[in-house]
There are 2 protein chains.
Amino acid sequence: MGSRIEAVYRVRSDAKSIAARARGIALEQSVEMPIGPIDDAFVLEEVVGRVESIEDAGDGEYNVRIALAAVTTGGEAGQLLNMLFGNTSIHDDVRLLDAEFPGDVVAAFGGPNHGLDGLRARVKATGALSSTAIKPQGLSPSALAKLAGAIALGGIDFIKDDHGIADQSYSPFAERVPAVAEAVAAAAARTGIGTRYLPSLNGNLDAMRRQLALCRACGLDAVLATPMLAGLAQFHTLVKENPDIAFMAHPSMAGGAIAPPFLLGKLFRLLGADATVFPNYGGRFGYTKDDCRRLARNALEQRAGLKPCVPVPAGGMQLARIPELLEFYGRDVMLMIGGALLAARERITEQTARYCEAVRAWN
Amino acid sequence: MGSRIEAVYRVRSDAKSIAARARGIALEQSVEMPIGPIDDAFVLEEVVGRVESIEDAGDGEYNVRIALAAVTTGGEAGQLLNMLFGNTSIHDDVRLLDAEFPGDVVAAFGGPNHGLDGLRARVKATGALSSTAIKPQGLSPSALAKLAGAIALGGIDFIKDDHGIADQSYSPFAERVPAVAEAVAAAAARTGIGTRYLPSLNGNLDAMRRQLALCRACGLDAVLATPMLAGLAQFHTLVKENPDIAFMAHPSMAGGAIAPPFLLGKLFRLLGADATVFPNYGGRFGYTKDDCRRLARNALEQRAGLKPCVPVPAGGMQLARIPELLEFYGRDVMLMIGGALLAARERITEQTARYCEAVRAWN
């Protein structure tokens with residue numbers, strides 16, 4: 001990888017200091033030392049970060065574009081993030097706004113194995129997709145299975161574990177997943193819709209591998225993973241090792257100073273997310289319409305060598321908003337409505353059916 | 001684990017909304033849904049987060065103390081962070097300020113295997129310790145080995161890889177580590193100081209295990225790891241699997257909305273960091289004196305079942321500041337001075353000797 005990754009940082013600075021501050025970031029994210037004592041020609045030419053441009057973004061902020069040598073990533077996902085933002089994440093005057101990945105980097109990481117078309121094919125859909133989460137954590141495997149079965153009977157496309165459901169004593173992964181998978185499969189056989197259940201992977205790489213083996217043994221072909229908690233290296237490894245499994249990425253621990261359109265839309269896609277969950281505008285999180293639009297565009301836009309990743313707006317969505325959301329995102333989306341289904345309690349199958357009909361009616 | 005972890009969040013809010021906002025966080029970090037549809041008694045009593053207190057912190061901010069059920073962590077490091085701050089990290093009105101871990105949680109995670117006394121014993125020291133980093137990345141294994149040897153001849157206690165040095169084509173881990181280890185061992189044999197070299201672990205869990213095996217084969221007994229990049233589960237697993245190895249934690253990707261004294265001082269210690277590197281006040285990062293004082297206190301303070309973790313202030317330190325830093329931190333510290341040594345170029349052994357003499361003179 002002899003190319004450069006072009007990273008764009010948003011820096012708070014006065015006009016007088018911005019050139020020096022930009023050079024400081026270029027050094028911090030490459031050699032991490034002053035340039036003076038460096039006399040190695042390879043390091044100076046091929047490793048030191050280069051400030052490509054500085055642009056006034058208004059309000060005392062600047063967009064600083066820095067070309068980082070792709071060779072410093074070692075073709076490894078954790079080190080990629082380390083080089084993009086590791087130490088600079090600690091500076092509170094800088095955010096990582098975006099990065100452009102050259103072709104050799106895209107080829108090295110590879111992106112989604114399935115993407116939008118693969119997820120649609122699983123449920124024989126052609127338009128927008130529906131999904132939900134089973135919760136709360138604390139319920140027994142049988143209670144979660146009963147809940148998932150009732151939802152699947154309503155004809156939903158995808159059901160994921162809530163991201164807080166891990167491998168706790170009250171609901172061990174090895175008991176919960178077979179129980180829920182069986183309930184969903186039984187309901188799916190009745191509806192004719194290939195509803196998929198996505199268990200939430202958790203723990204270290206060994207644990208997630210064991211969990212994936214169990215998922216496969218239960219006939220499942222999609223899972224939920226949290227790249228920022230698992231570590232990007234683990235996420236990318238699992239994607240590469242399991243080309244038959246679709247990966248939905250969850251944004252837990254994705255807060256901080258990396259712009260969501262880049263992190264959840266572009267970087268998670270590069271590392272293999274087939275779908276990416278994010279907090280929709282107007283829910284209980286603070287993402288703006290513009291964040292969501294750019295995130296979905298990053299996830300979907302045509303890019304040689306990268307399948308599109310399905311944007312999954314979530315976080316406090318109501319059924320009444322379905323037409324608005326589909327109008328905003330179009331057909332290339334998976335809606336996720338959780339709490340608003342659970343609120344229907346014993347009428348959850350009917351509520352799910354209403355939800356799915358509203359999505360399919362729009363398609 | 002039937003206990004509760006008491007997490008303290010700093011929330012920006014008006015007085016009218018804070019009670020509801022606090023309840024919202026307690027739900028988000030436990031059941032992640034409204035309480036209305038929950039009728040399971042175990043979930044309501046043993047799983048739902050409880051707001052314990054709300055305290056006006058001034059300037060439109062509040063300290064909200066929430067008791068989170070330890071059972072929801074499943075005794076697993078990644079899930080611990082998920083429950084402490086996962087989804088709430090996405091809210092930009094909340095920071096995670098602190099958390100108190102009860103005895104059963106401390107016992108489950110276990111803390112450092114070596115800690116302050118173990119690191120001192122490695123270099124037969126009794127007071128403050130000295131350390132540095134070899135860089136820049138891009139140098140060949142032999143150039144880095146030569147540099148490390150020259151530094152070790154100056155009598156330093158610990159030499160770590162720069163955190164950007166990973167497993168790149170220009171300096172593969174498997175070539176670099178034996179070369180540097182040999183150069184440091186040869187110099188240490190001449191000085192009589194047991195200088196330790198700490199390679200930087202990188203990649204996924206498999207890769208880090210292979211790297212640790214190589215370190216051990218080279219006679220090394222300490223390494224550098226980056227918990228936030230590796231994923232906390234990987235870091236904690238490696239600590240548990242390698243009780244003979246000391247782990248120094250690096251703060252790459254530790255920016256964001258978790259207070260550094262808690263994250264780098266308390267949480268990394270709980271998960272087994274024997275030493276914790278952090279950006280010192282007055283360097284090129286923005287930590288305040290108060291941050292640094294509280295971080296060091298969290299790392300060191302007596303706590304049943306947890307060895308003390310060595311605070312390692314770093315980030316643009318100069319030799320002239322040694323007396324000030326030792327006055328501020330006292331004897332229970334490891335200083336880290338990197339770039340200011342490298343700037344001495346061919347006089348680096350003498351510069352290192354000056355550094356180490358200044359530290360030892362103060363002890």
# chains A, B, ... in the order shown; residues from 1 in each chain; ligands from 1
>>> residues_around(residues="Ile18 in chain B", least_positions_apart="4", cutoff="9 Å", atoms="only C-alpha atoms", output="PyMOL selection string")
chain B and resi 11-14+22-23+54+62+64
>>> interface_residues(of="chain A", to="chain B", cutoff="6 Å", atoms="only C-alpha atoms", output="number ranges by chain")
A: 31, 33, 37, 43, 74, 78, 86-87, 89-91, 136-138, 167-168, 203-204, 229-231, 233-234, 252-253, 255-256, 285, 339, 343
>>> write_last_selection(atoms="N, CA and C atoms", output="PDB file, in the first residue's frame")
ATOM      1  N   VAL A  31       4.559  10.271  12.657  1.00  0.00           N
ATOM      2  CA  VAL A  31       5.801   9.946  13.379  1.00  0.00           C
ATOM      3  C   VAL A  31       5.757  10.281  14.867  1.00  0.00           C
ATOM      4  N   MET A  33       6.546  12.874  16.595  1.00  0.00           N
ATOM      5  CA  MET A  33       7.717  13.584  17.144  1.00  0.00           C
ATOM      6  C   MET A  33       8.019  14.764  16.236  1.00  0.00           C
ATOM      7  N   PRO A  37      14.791  16.032  14.385  1.00  0.00           N
ATOM      8  CA  PRO A  37      15.775  14.953  14.559  1.00  0.00           C
ATOM      9  C   PRO A  37      15.636  13.805  13.556  1.00  0.00           C
ATOM     10  N   VAL A  43      11.487   7.731   5.936  1.00  0.00           N
ATOM     11  CA  VAL A  43      10.526   8.269   6.905  1.00  0.00           C
ATOM     12  C   VAL A  43      10.045   9.641   6.447  1.00  0.00           C
ATOM     13  N   GLY A  74      -0.469  -0.889   8.198  1.00  0.00           N
ATOM     14  CA  GLY A  74      -0.166  -2.320   8.166  1.00  0.00           C
ATOM     15  C   GLY A  74      -1.334  -3.154   7.640  1.00  0.00           C
ATOM     16  N   GLY A  78      -7.443  -2.056  13.459  1.00  0.00           N
ATOM     17  CA  GLY A  78      -7.179  -1.289  14.675  1.00  0.00           C
ATOM     18  C   GLY A  78      -6.124  -0.226  14.434  1.00  0.00           C
ATOM     19  N   GLY A  86      -5.905   8.121  16.686  1.00  0.00           N
ATOM     20  CA  GLY A  86      -5.510   7.628  18.013  1.00  0.00           C
ATOM     21  C   GLY A  86      -5.177   8.706  19.034  1.00  0.00           C
ATOM     22  N   ASN A  87      -4.028   9.319  18.928  1.00  0.00           N
ATOM     23  CA  ASN A  87      -3.646  10.331  19.912  1.00  0.00           C
ATOM     24  C   ASN A  87      -4.429  11.621  19.745  1.00  0.00           C
ATOM     25  N   SER A  89      -7.428  11.979  19.123  1.00  0.00           N
ATOM     26  CA  SER A  89      -8.731  11.876  19.802  1.00  0.00           C
ATOM     27  C   SER A  89      -8.684  12.531  21.176  1.00  0.00           C
ATOM     28  N   ILE A  90      -7.490  12.631  21.751  1.00  0.00           N
ATOM     29  CA  ILE A  90      -7.355  13.185  23.107  1.00  0.00           C
ATOM     30  C   ILE A  90      -7.380  14.716  23.102  1.00  0.00           C
ATOM     31  N   HIS A  91      -7.152  15.316  21.936  1.00  0.00           N
ATOM     32  CA  HIS A  91      -7.207  16.776  21.836  1.00  0.00           C
ATOM     33  C   HIS A  91      -8.655  17.230  21.710  1.00  0.00           C
ATOM     34  N   PRO A 136     -36.672  -6.170  27.346  1.00  0.00           N
ATOM     35  CA  PRO A 136     -35.435  -5.728  27.986  1.00  0.00           C
ATOM     36  C   PRO A 136     -34.530  -6.896  28.367  1.00  0.00           C
ATOM     37  N   GLN A 137     -33.238  -6.585  28.546  1.00  0.00           N
ATOM     38  CA  GLN A 137     -32.358  -7.557  29.157  1.00  0.00           C
ATOM     39  C   GLN A 137     -32.892  -7.843  30.558  1.00  0.00           C
ATOM     40  N   GLY A 138     -32.647  -9.036  31.025  1.00  0.00           N
ATOM     41  CA  GLY A 138     -33.170  -9.459  32.324  1.00  0.00           C
ATOM     42  C   GLY A 138     -34.238 -10.519  32.130  1.00  0.00           C
ATOM     43  N   ASP A 167     -24.125 -12.043  27.608  1.00  0.00           N
ATOM     44  CA  ASP A 167     -24.039 -13.437  28.061  1.00  0.00           C
ATOM     45  C   ASP A 167     -24.169 -13.435  29.574  1.00  0.00           C
ATOM     46  N   GLN A 168     -25.296 -12.917  30.064  1.00  0.00           N
ATOM     47  CA  GLN A 168     -25.491 -12.777  31.503  1.00  0.00           C
ATOM     48  C   GLN A 168     -26.104 -14.045  32.099  1.00  0.00           C
ATOM     49  N   GLY A 203     -18.152 -10.122  24.213  1.00  0.00           N
ATOM     50  CA  GLY A 203     -16.976 -10.756  24.814  1.00  0.00           C
ATOM     51  C   GLY A 203     -15.769 -10.651  23.902  1.00  0.00           C
ATOM     52  N   ASN A 204     -14.757 -11.445  24.188  1.00  0.00           N
ATOM     53  CA  ASN A 204     -13.526 -11.344  23.393  1.00  0.00           C
ATOM     54  C   ASN A 204     -13.651 -12.129  22.080  1.00  0.00           C
ATOM     55  N   LEU A 229     -16.844  -1.419  20.633  1.00  0.00           N
ATOM     56  CA  LEU A 229     -16.630  -2.165  21.879  1.00  0.00           C
ATOM     57  C   LEU A 229     -15.725  -3.366  21.634  1.00  0.00           C
ATOM     58  N   ALA A 230     -15.989  -4.083  20.554  1.00  0.00           N
ATOM     59  CA  ALA A 230     -15.237  -5.304  20.253  1.00  0.00           C
ATOM     60  C   ALA A 230     -13.799  -4.983  19.871  1.00  0.00           C
ATOM     61  N   GLY A 231     -13.582  -3.768  19.390  1.00  0.00           N
ATOM     62  CA  GLY A 231     -12.303  -3.421  18.773  1.00  0.00           C
ATOM     63  C   GLY A 231     -12.441  -3.683  17.284  1.00  0.00           C
ATOM     64  N   ALA A 233     -10.404  -4.468  15.046  1.00  0.00           N
ATOM     65  CA  ALA A 233      -9.667  -5.634  14.542  1.00  0.00           C
ATOM     66  C   ALA A 233     -10.508  -6.905  14.683  1.00  0.00           C
ATOM     67  N   GLN A 234     -11.220  -7.007  15.802  1.00  0.00           N
ATOM     68  CA  GLN A 234     -12.060  -8.193  16.006  1.00  0.00           C
ATOM     69  C   GLN A 234     -13.218  -8.200  15.006  1.00  0.00           C
ATOM     70  N   SER A 252     -22.901   1.400  19.724  1.00  0.00           N
ATOM     71  CA  SER A 252     -22.505   1.577  21.128  1.00  0.00           C
ATOM     72  C   SER A 252     -21.043   2.026  21.209  1.00  0.00           C
ATOM     73  N   MET A 253     -20.761   3.021  22.060  1.00  0.00           N
ATOM     74  CA  MET A 253     -19.425   3.624  22.243  1.00  0.00           C
ATOM     75  C   MET A 253     -18.929   4.355  20.995  1.00  0.00           C
ATOM     76  N   GLY A 255     -19.854   7.402  20.377  1.00  0.00           N
ATOM     77  CA  GLY A 255     -19.837   8.828  20.672  1.00  0.00           C
ATOM     78  C   GLY A 255     -18.406   9.341  20.632  1.00  0.00           C
ATOM     79  N   GLY A 256     -18.263  10.643  20.789  1.00  0.00           N
ATOM     80  CA  GLY A 256     -16.920  11.212  20.786  1.00  0.00           C
ATOM     81  C   GLY A 256     -16.721  12.077  19.580  1.00  0.00           C
ATOM     82  N   PHE A 285     -31.816  10.717  20.465  1.00  0.00           N
ATOM     83  CA  PHE A 285     -30.416  11.135  20.356  1.00  0.00           C
ATOM     84  C   PHE A 285     -30.343  12.397  19.503  1.00  0.00           C
ATOM     85  N   GLY A 339     -39.057   0.022  21.025  1.00  0.00           N
ATOM     86  CA  GLY A 339     -39.936   0.294  22.159  1.00  0.00           C
ATOM     87  C   GLY A 339     -41.394   0.485  21.766  1.00  0.00           C
ATOM     88  N   ALA A 343     -44.501  -1.566  23.473  1.00  0.00           N
ATOM     89  CA  ALA A 343     -45.550  -0.882  24.222  1.00  0.00           C
ATOM     90  C   ALA A 343     -46.924  -1.484  23.945  1.00  0.00           C
TER      91      ALA A 343
END
>>> select_by_dssp(residues="range 241-336 of chain A", states="alpha helix (DSSP H)", output="list of chain:residue names")
A:Glu241, A:Pro260, A:Phe268, A:Arg269, A:Leu270, A:Lys289, A:Asp290, A:Asp291, A:Cys292, A:Arg293, A:Arg294, A:Leu295, A:Ala296, A:Arg297, A:Asn298, A:Ala299, A:Leu300, A:Ile322, A:Pro323, A:Glu324, A:Leu325, A:Leu326, A:Glu327, A:Phe328, A:Tyr329
>>> write_last_selection(atoms="N, CA and C atoms", output="mmCIF file, in the first residue's frame")
data_model
loop_
_atom_site.group_PDB
_atom_site.id
_atom_site.type_symbol
_atom_site.label_atom_id
_atom_site.label_comp_id
_atom_site.auth_asym_id
_atom_site.auth_seq_id
_atom_site.Cartn_x
_atom_site.Cartn_y
_atom_site.Cartn_z
ATOM 1 N N GLU A 241 -13.706 -14.003 8.373
ATOM 2 C CA GLU A 241 -13.773 -15.443 8.662
ATOM 3 C C GLU A 241 -15.132 -16.047 8.370
ATOM 4 N N PRO A 260 -20.228 11.004 12.902
ATOM 5 C CA PRO A 260 -20.991 9.775 12.653
ATOM 6 C C PRO A 260 -21.098 9.379 11.171
ATOM 7 N N PHE A 268 -17.272 1.782 9.113
ATOM 8 C CA PHE A 268 -17.871 0.472 9.400
ATOM 9 C C PHE A 268 -18.136 -0.290 8.088
ATOM 10 N N ARG A 269 -18.551 0.425 7.045
ATOM 11 C CA ARG A 269 -18.761 -0.222 5.735
ATOM 12 C C ARG A 269 -17.443 -0.786 5.202
ATOM 13 N N LEU A 270 -16.380 0.002 5.258
ATOM 14 C CA LEU A 270 -15.076 -0.461 4.765
ATOM 15 C C LEU A 270 -14.666 -1.761 5.455
ATOM 16 N N LYS A 289 -30.645 15.990 10.856
ATOM 17 C CA LYS A 289 -31.069 15.466 9.555
ATOM 18 C C LYS A 289 -29.882 15.356 8.607
ATOM 19 N N ASP A 290 -29.027 16.383 8.678
ATOM 20 C CA ASP A 290 -27.886 16.402 7.774
ATOM 21 C C ASP A 290 -26.904 15.271 8.093
ATOM 22 N N ASP A 291 -26.651 15.009 9.398
ATOM 23 C CA ASP A 291 -25.829 13.852 9.795
ATOM 24 C C ASP A 291 -26.392 12.570 9.178
ATOM 25 N N CYS A 292 -27.696 12.392 9.335
ATOM 26 C CA CYS A 292 -28.337 11.143 8.904
ATOM 27 C C CYS A 292 -28.282 11.003 7.388
ATOM 28 N N ARG A 293 -28.505 12.101 6.690
ATOM 29 C CA ARG A 293 -28.472 12.073 5.225
ATOM 30 C C ARG A 293 -27.076 11.689 4.734
ATOM 31 N N ARG A 294 -26.053 12.328 5.332
ATOM 32 C CA ARG A 294 -24.682 12.044 4.895
ATOM 33 C C ARG A 294 -24.243 10.642 5.307
ATOM 34 N N LEU A 295 -24.715 10.189 6.464
ATOM 35 C CA LEU A 295 -24.387 8.826 6.919
ATOM 36 C C LEU A 295 -24.956 7.794 5.925
ATOM 37 N N ALA A 296 -26.230 7.980 5.571
ATOM 38 C CA ALA A 296 -26.859 7.039 4.636
ATOM 39 C C ALA A 296 -26.170 7.085 3.275
ATOM 40 N N ARG A 297 -25.775 8.277 2.848
ATOM 41 C CA ARG A 297 -25.102 8.397 1.557
ATOM 42 C C ARG A 297 -23.743 7.685 1.585
ATOM 43 N N ASN A 298 -22.988 7.881 2.669
ATOM 44 C CA ASN A 298 -21.697 7.187 2.794
ATOM 45 C C ASN A 298 -21.873 5.669 2.783
ATOM 46 N N ALA A 299 -22.932 5.202 3.428
ATOM 47 C CA ALA A 299 -23.154 3.758 3.525
ATOM 48 C C ALA A 299 -23.530 3.165 2.175
ATOM 49 N N LEU A 300 -24.243 3.958 1.377
ATOM 50 C CA LEU A 300 -24.854 3.408 0.160
ATOM 51 C C LEU A 300 -24.131 3.755 -1.132
ATOM 52 N N ILE A 322 -43.359 6.468 10.016
ATOM 53 C CA ILE A 322 -42.894 5.619 8.907
ATOM 54 C C ILE A 322 -42.925 6.338 7.549
ATOM 55 N N PRO A 323 -44.043 6.970 7.173
ATOM 56 C CA PRO A 323 -44.049 7.631 5.855
ATOM 57 C C PRO A 323 -42.978 8.717 5.747
ATOM 58 N N GLU A 324 -42.839 9.495 6.810
ATOM 59 C CA GLU A 324 -41.819 10.557 6.813
ATOM 60 C C GLU A 324 -40.419 9.960 6.642
ATOM 61 N N LEU A 325 -40.136 8.878 7.351
ATOM 62 C CA LEU A 325 -38.793 8.289 7.282
ATOM 63 C C LEU A 325 -38.520 7.699 5.906
ATOM 64 N N LEU A 326 -39.516 7.058 5.335
ATOM 65 C CA LEU A 326 -39.310 6.460 4.013
ATOM 66 C C LEU A 326 -39.194 7.536 2.946
ATOM 67 N N GLU A 327 -39.914 8.620 3.149
ATOM 68 C CA GLU A 327 -39.780 9.763 2.248
ATOM 69 C C GLU A 327 -38.345 10.310 2.313
ATOM 70 N N PHE A 328 -37.826 10.385 3.519
ATOM 71 C CA PHE A 328 -36.489 10.961 3.737
ATOM 72 C C PHE A 328 -35.385 10.045 3.219
ATOM 73 N N TYR A 329 -35.467 8.750 3.565
ATOM 74 C CA TYR A 329 -34.368 7.830 3.226
ATOM 75 C C TYR A 329 -34.572 7.118 1.877
#
>>> atom_distance(atom1="CA of Asp161 in chain A", atom2="CA of Pro261 in chain A")
23.9 Å
>>> residues_around(residues="Ala353 in chain B", least_positions_apart="6", cutoff="10 Å", atoms="only C-alpha atoms", output="list in words")
Ile151, Ala152, Leu153, Gly154, Gly155, Ile156 and Val359 of chain B
>>> write_last_selection(atoms="C-alpha atoms", output="PDB file, in the first residue's frame")
ATOM      1  CA  ILE B 151      19.161   4.916  25.156  1.00  0.00           C
ATOM      2  CA  ALA B 152      19.557   1.847  27.377  1.00  0.00           C
ATOM      3  CA  LEU B 153      23.262   2.646  27.777  1.00  0.00           C
ATOM      4  CA  GLY B 154      22.175   5.892  29.432  1.00  0.00           C
ATOM      5  CA  GLY B 155      20.632   3.836  32.246  1.00  0.00           C
ATOM      6  CA  ILE B 156      16.903   4.251  31.662  1.00  0.00           C
ATOM      7  CA  VAL B 359      15.194  11.265  38.463  1.00  0.00           C
TER       8      VAL B 359
END
>>> residues_around(residues="range 305-314 of chain A", least_positions_apart="2", cutoff="7 Å", atoms="only C-alpha atoms", output="PyMOL selection string")
chain A and resi 106-107+110-112+115-116+269+273-280+296+299-301+303+316-317+332-337
>>> write_last_selection(atoms="N, CA and C atoms", output="mmCIF file, in the first residue's frame")
data_model
loop_
_atom_site.group_PDB
_atom_site.id
_atom_site.type_symbol
_atom_site.label_atom_id
_atom_site.label_comp_id
_atom_site.auth_asym_id
_atom_site.auth_seq_id
_atom_site.Cartn_x
_atom_site.Cartn_y
_atom_site.Cartn_z
ATOM 1 N N VAL A 106 -9.140 0.159 0.068
ATOM 2 C CA VAL A 106 -10.465 -0.462 -0.088
ATOM 3 C C VAL A 106 -10.301 -1.958 -0.375
ATOM 4 N N ALA A 107 -9.388 -2.290 -1.271
ATOM 5 C CA ALA A 107 -9.180 -3.699 -1.625
ATOM 6 C C ALA A 107 -8.642 -4.497 -0.432
ATOM 7 N N GLY A 110 -11.887 -4.544 2.109
ATOM 8 C CA GLY A 110 -12.862 -5.378 1.401
ATOM 9 C C GLY A 110 -14.332 -5.099 1.566
ATOM 10 N N GLY A 111 -14.754 -4.461 2.680
ATOM 11 C CA GLY A 111 -16.155 -4.089 2.825
ATOM 12 C C GLY A 111 -17.094 -5.252 3.059
ATOM 13 N N PRO A 112 -18.411 -4.995 2.886
ATOM 14 C CA PRO A 112 -19.449 -5.982 3.207
ATOM 15 C C PRO A 112 -19.388 -7.213 2.298
ATOM 16 N N GLY A 115 -24.207 -6.929 2.013
ATOM 17 C CA GLY A 115 -24.728 -5.600 1.726
ATOM 18 C C GLY A 115 -26.226 -5.595 1.491
ATOM 19 N N LEU A 116 -26.676 -4.504 0.901
ATOM 20 C CA LEU A 116 -28.114 -4.282 0.718
ATOM 21 C C LEU A 116 -28.792 -5.428 -0.031
ATOM 22 N N ARG A 269 -18.551 0.425 7.045
ATOM 23 C CA ARG A 269 -18.761 -0.222 5.735
ATOM 24 C C ARG A 269 -17.443 -0.786 5.202
ATOM 25 N N ALA A 273 -19.415 -3.994 7.502
ATOM 26 C CA ALA A 273 -20.794 -3.956 7.998
ATOM 27 C C ALA A 273 -21.764 -4.049 6.821
ATOM 28 N N ASP A 274 -22.660 -5.038 6.863
ATOM 29 C CA ASP A 274 -23.697 -5.153 5.832
ATOM 30 C C ASP A 274 -24.835 -4.179 6.105
ATOM 31 N N ALA A 275 -24.997 -3.822 7.380
ATOM 32 C CA ALA A 275 -26.003 -2.840 7.786
ATOM 33 C C ALA A 275 -25.429 -2.072 8.962
ATOM 34 N N THR A 276 -25.813 -0.793 9.114
ATOM 35 C CA THR A 276 -25.262 0.022 10.203
ATOM 36 C C THR A 276 -26.386 0.755 10.926
ATOM 37 N N VAL A 277 -26.534 0.454 12.208
ATOM 38 C CA VAL A 277 -27.569 1.066 13.044
ATOM 39 C C VAL A 277 -27.076 2.429 13.516
ATOM 40 N N PHE A 278 -27.948 3.428 13.464
ATOM 41 C CA PHE A 278 -27.570 4.750 13.978
ATOM 42 C C PHE A 278 -28.802 5.458 14.522
ATOM 43 N N PRO A 279 -28.577 6.411 15.434
ATOM 44 C CA PRO A 279 -29.692 7.139 16.044
ATOM 45 C C PRO A 279 -30.295 8.101 15.032
ATOM 46 N N ASN A 280 -31.559 7.901 14.724
ATOM 47 C CA ASN A 280 -32.214 8.763 13.743
ATOM 48 C C ASN A 280 -32.454 10.164 14.305
ATOM 49 N N ALA A 296 -26.230 7.980 5.571
ATOM 50 C CA ALA A 296 -26.859 7.039 4.636
ATOM 51 C C ALA A 296 -26.170 7.085 3.275
ATOM 52 N N ALA A 299 -22.932 5.202 3.428
ATOM 53 C CA ALA A 299 -23.154 3.758 3.525
ATOM 54 C C ALA A 299 -23.530 3.165 2.175
ATOM 55 N N LEU A 300 -24.243 3.958 1.377
ATOM 56 C CA LEU A 300 -24.854 3.408 0.160
ATOM 57 C C LEU A 300 -24.131 3.755 -1.132
ATOM 58 N N GLU A 301 -23.421 4.866 -1.170
ATOM 59 C CA GLU A 301 -23.002 5.378 -2.473
ATOM 60 C C GLU A 301 -22.103 4.393 -3.212
ATOM 61 N N ARG A 303 -19.284 2.625 -4.964
ATOM 62 C CA ARG A 303 -17.854 2.726 -4.745
ATOM 63 C C ARG A 303 -17.246 1.423 -5.239
ATOM 64 N N GLY A 316 -35.902 5.259 19.383
ATOM 65 C CA GLY A 316 -37.103 5.982 19.781
ATOM 66 C C GLY A 316 -38.020 6.343 18.622
ATOM 67 N N MET A 317 -38.051 5.486 17.584
ATOM 68 C CA MET A 317 -38.927 5.763 16.435
ATOM 69 C C MET A 317 -40.371 5.328 16.733
ATOM 70 N N ASP A 332 -33.835 2.405 -0.014
ATOM 71 C CA ASP A 332 -32.614 1.703 0.393
ATOM 72 C C ASP A 332 -32.344 1.926 1.875
ATOM 73 N N VAL A 333 -33.189 1.342 2.705
ATOM 74 C CA VAL A 333 -33.117 1.588 4.137
ATOM 75 C C VAL A 333 -33.732 0.403 4.870
ATOM 76 N N MET A 334 -33.308 0.213 6.111
ATOM 77 C CA MET A 334 -34.000 -0.702 7.007
ATOM 78 C C MET A 334 -34.457 0.114 8.210
ATOM 79 N N LEU A 335 -35.761 0.224 8.404
ATOM 80 C CA LEU A 335 -36.243 0.921 9.594
ATOM 81 C C LEU A 335 -36.083 0.013 10.809
ATOM 82 N N MET A 336 -35.871 0.630 11.979
ATOM 83 C CA MET A 336 -35.836 -0.149 13.219
ATOM 84 C C MET A 336 -36.715 0.530 14.252
ATOM 85 N N ILE A 337 -37.765 -0.164 14.640
ATOM 86 C CA ILE A 337 -38.687 0.349 15.653
ATOM 87 C C ILE A 337 -38.741 -0.680 16.780
#
>>> atom_distance(atom1="CA of His114 in chain B", atom2="CA of Ile193 in chain B")
19.0 Å
>>> residues_around(residues="Leu201 in chain A", least_positions_apart="2", cutoff="8 Å", atoms="only C-alpha atoms", output="ChimeraX atom specification")
/A:166,199,203,208,211-212,223-226
>>> write_last_selection(atoms="N, CA and C atoms", output="compact mmCIF listing (two decimals), in the first residue's frame")
# COMPACT_ATOMS: atom_id res chain seq x y z
N ALA A 166 -26.24 -9.75 26.43
CA ALA A 166 -24.91 -10.28 26.14
C ALA A 166 -24.87 -11.75 26.55
N PRO A 199 -28.52 -12.44 16.75
CA PRO A 199 -28.02 -12.38 18.12
C PRO A 199 -26.90 -11.35 18.24
N GLY A 203 -18.15 -10.12 24.21
CA GLY A 203 -16.98 -10.76 24.81
C GLY A 203 -15.77 -10.65 23.90
N MET A 208 -16.71 -14.57 20.73
CA MET A 208 -17.54 -14.23 19.56
C MET A 208 -17.46 -15.35 18.52
N GLN A 211 -19.74 -18.02 19.68
CA GLN A 211 -21.12 -17.58 19.47
C GLN A 211 -21.52 -17.71 18.01
N LEU A 212 -20.61 -17.36 17.10
CA LEU A 212 -20.91 -17.49 15.67
C LEU A 212 -21.12 -18.95 15.29
N VAL A 223 -25.89 -11.61 12.22
CA VAL A 223 -25.63 -11.30 13.63
C VAL A 223 -25.48 -9.79 13.82
N LEU A 224 -25.55 -9.38 15.09
CA LEU A 224 -25.29 -8.00 15.47
C LEU A 224 -23.91 -7.94 16.14
N ALA A 225 -23.11 -6.92 15.81
CA ALA A 225 -21.81 -6.75 16.48
C ALA A 225 -21.61 -5.28 16.77
N THR A 226 -20.80 -4.97 17.77
CA THR A 226 -20.52 -3.58 18.15
C THR A 226 -19.04 -3.30 17.95
>>> residues_around(residues="Leu68 in chain A", least_positions_apart="2", cutoff="7 Å", atoms="only C-alpha atoms", output="list in words")
Arg4, Ile5, Glu6, Gly49, Arg50, Ile66 and Ala70 of chain A
>>> atom_distance(atom1="CA of Ala188 in chain B", atom2="CA of Gln318 in chain B")
24.2 Å
